[in-house]
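As structure tokens, the structure follows; a few thoughts come after it.
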Amino acid sequence: MSEPIPYLDLRAQMKPLRAELDAAIARTLDNCSFCLGPDVVQFEKDFAKFCGAQHCVAFNSGTSALHIALLLLGVGPGDEVITTPFTFVATSWAISYVGAKPVYVDIDDATFNLDPKLIEKAITPKTKAIMPVHLYGQPFDVGAILEICRQHKLPLVEDAAQAHGAKFQGKVIGTFGEISCFSFYPGKNLGAAGEGGALVTNNADFAKRARALREHGSTVRYYHDEIGYNYRMEGIQGAVLGVKLPHLEKWTQARRRVAHRYHQLLQDTPLQLPLEASFAESAYHLFVVRHPRRDDLKAHLDANGVGCALHYPLPLHLQKCYASLGYQAGDFPISEKAGRECLSLPIYPELTDPQLERVAAVVKDFFSK
């Protein structure tokens with residue numbers, strides 16, 4: 001058998017940066033700046049500039065950033081937040097953490113993103129925000145959803161955890177909503193050496209309060225103006241992200257090259273390939289294909305040394321943890337069908353043409369039998 005192709009190869013990204021990363025981490029250790037500190041501050045400035053935002057507040061995870069975003073908007077018990085059932089659960093966790101109710105809307109069959117045509121009928125007097133996800137690195141229809149937000153005077157929170165560097169109508173994701181939240185989990189397009197997240201905004205008051213909330217509700221040590229949280233980013237993560245951020249645009253273009261090559265190699269197969277919307281420039285965090293025999297295809301890829309993954313096999317409205325919301329199978333048929341059919345193929349900047357050709361060959365071998 002040929003050399004296995006991993007679903008994700010973080011070593012390939014880290015190796016050429018190792019000396020620079022070692023120096024940055026050593027500087028953090030020498031300075032003993034373990035919680036927040038100068039490396040985090042510098043990364044906040046640099047990432048805000050990258051997103052075209054005025055403020056960036058770094059957190060210990062993207063989940064924490066989403067939680068704080070809803071607190072800043074005053075969302076609380078009894079309120080409702082409209083979101084997607086087809087994403088990682090952290091989006092809904094943030095809604096639950098503030099005591100609000102996730103209200104799900106089905107997705108667009110082609111892009112996997114929240115379907116703007118279905119949002120308005122889900123709005124009630126209890127709705128306090130709309131929080132879509134730029135899923136798999138593909139921007140949602142920002143223009144259509146922003147118009148709904150304006151008509152109903154609702155804030156937009158962008159869950160951009162998978163969309164670092166993605167663009168809507170040529171503009172980098174991050175400033176279309178009142179607040180946008182990112183994750184720097186290691187497997188993300190911009191990943192830390194552990195957990196990390198950020199909130200970006202053009203609202204100075206939001207940024208100021210977010211900095212206090214992440215540090216136990218405190219702006220002066222041992223004086224606490226409100227109940228806060230221990231959501232600080234570690235200094236080492238700020239150092240690592242500071243080294244990696246200058247490479248992000250290059251990596252994004254490399255991901256787009258991989259996706260383009262997949263389209264060329266797989267266009268004649270029965271797979272449904274990812275659709276990049278006309279208004280979007282995807283960051284291709286994931287390359288997700290669809291087929292009714294997904295599980296058989298996954299087993300074939302696994303058996304032939306090609307890594308693959310499922311994102312996401314069980315939509316959130318059917319998860320045991322949200323049974324109390326009262327949703328049933330069939331409520332969001334497009335999300336449920338996607339959960340049965342979606343399969344993520346390897347995608348990362350360092351994938352070579354021979355590796356991509358081998359992935360395609362294994363896929364075609366499955367359909368030839």
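Convention: chains lettered A, B, ... in structure tokens order; per-chain residue numbering from 1; ligands numbered from 1 as shown.
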
Please report, as CSV, each residue of region 64-167 of chain A lying at most 12 Å from region 29-50 of chain A, together with the nearest pair of atoms and the separation in Å rounded to one decimal; use only C-alpha atoms, and order rows by chain and ascending residue number.
```
residue,atom,partner,partner_atom,distance
A:His164,CA,A:Phe50,CA,9.5
A:Gly165,CA,A:Phe50,CA,8.3
A:Ala166,CA,A:Phe50,CA,11.3
A:Lys167,CA,A:Phe50,CA,11.9
```

Just the selected residues (C-alpha atoms), exported as a CSV table (one decimal), in the first residue's frame, please.
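Everything below was put into result_31.csv:
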```csv
chain,number,residue,atom,x,y,z
A,164,HIS,CA,-10.4,32.8,8.7
A,165,GLY,CA,-9.6,34.7,5.6
A,166,ALA,CA,-12.8,33.9,3.7
A,167,LYS,CA,-14.4,36.8,1.8
```

Looking only at helix (DSSP H, G or I) from DSSP on the backbone, list the matching residues of region 201-285 of chain A as a PyMOL selection string.
chain A and resi 204-213+235-266

Please report, as a ChimeraX atom specification, each residue of region 10-95 of chain A to which DSSP assigns strand (DSSP E or B) when run on this structure's backbone.
/A:35,55-59,80-83

Report the closest atom pair, with its distance in Å rounded to one decimal, for each residue of region 98-174 of chain A that has an atom no farther than 12 Å from region 258-273 of chain A; count only C-alpha atoms, sort by chain and then rising residue number, and write it as a tab-separated table.
```
residue	atom	partner	partner_atom	distance
A:Asp109	CA	A:Gln272	CA	10.7
A:Ala110	CA	A:Gln272	CA	9.1
A:Thr111	CA	A:Leu273	CA	10.1
A:Phe112	CA	A:Leu273	CA	11.8
A:Gly137	CA	A:Ala259	CA	11.8
```

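Taking only C-alpha atoms, the non-local environment of Ala160 (chain A) within 10 Å (same-chain residues fewer than 4 positions away omitted) comprises Gly62, Leu66, Pro132, Val133, His134, Leu135, Tyr136, Gly137, Gln138, Pro139, Phe140, His164, Gly165, Ala166, Ile173, Gly174, Ser180, Cys181, Phe182, Ser183, Ala198 and Leu199 of chain A.
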
So that I have them on file, write out the residues from the current selection with C-alpha atoms, as a CSV table (one decimal), in the first residue's frame.
```
chain,number,residue,atom,x,y,z
A,62,GLY,CA,-13.9,30.2,20.3
A,66,LEU,CA,-19.3,33.3,21.4
A,132,PRO,CA,-25.3,32.0,11.5
A,133,VAL,CA,-22.1,30.1,10.8
A,134,HIS,CA,-19.7,30.5,7.9
A,135,LEU,CA,-19.7,26.7,7.6
A,136,TYR,CA,-16.6,24.8,6.2
A,137,GLY,CA,-15.1,28.2,5.4
A,138,GLN,CA,-17.9,29.2,3.0
A,139,PRO,CA,-19.4,32.6,3.8
A,140,PHE,CA,-23.1,32.6,4.4
A,164,HIS,CA,-10.4,32.8,8.7
A,165,GLY,CA,-9.6,34.7,5.6
A,166,ALA,CA,-12.8,33.9,3.7
A,173,ILE,CA,-15.1,38.0,6.9
A,174,GLY,CA,-15.2,39.6,10.4
A,180,SER,CA,-17.7,38.2,14.8
A,181,CYS,CA,-16.1,35.2,16.7
A,182,PHE,CA,-13.2,33.0,15.6
A,183,SER,CA,-11.7,29.8,16.9
A,198,ALA,CA,-11.2,35.8,19.5
A,199,LEU,CA,-14.0,38.3,19.2
```

Give the answer as one residue: which of A:Glu80, A:Asp22, A:Asp205, A:Glu147 has the shortest atom-to-atom distance to Ala122 (chain A), using only C-alpha atoms?
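Result for the nearest residue to Ala122 (chain A): A:Glu80.
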
Determine the nearest neighbour of Lys298 (chain A) from the options A:Leu345, A:Leu21, A:Val57, A:Leu245, counting only C-alpha atoms.
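Smallest separation from Lys298 (chain A) among the options: A:Leu345.
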
Between CA of Thr87 (chain A) and CA of Gln319 (chain A), distance in Å (one decimal):
11.9 Å

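You will find CA of Cys51 (chain A) at 8.0 Å from CA of Val200 (chain A).
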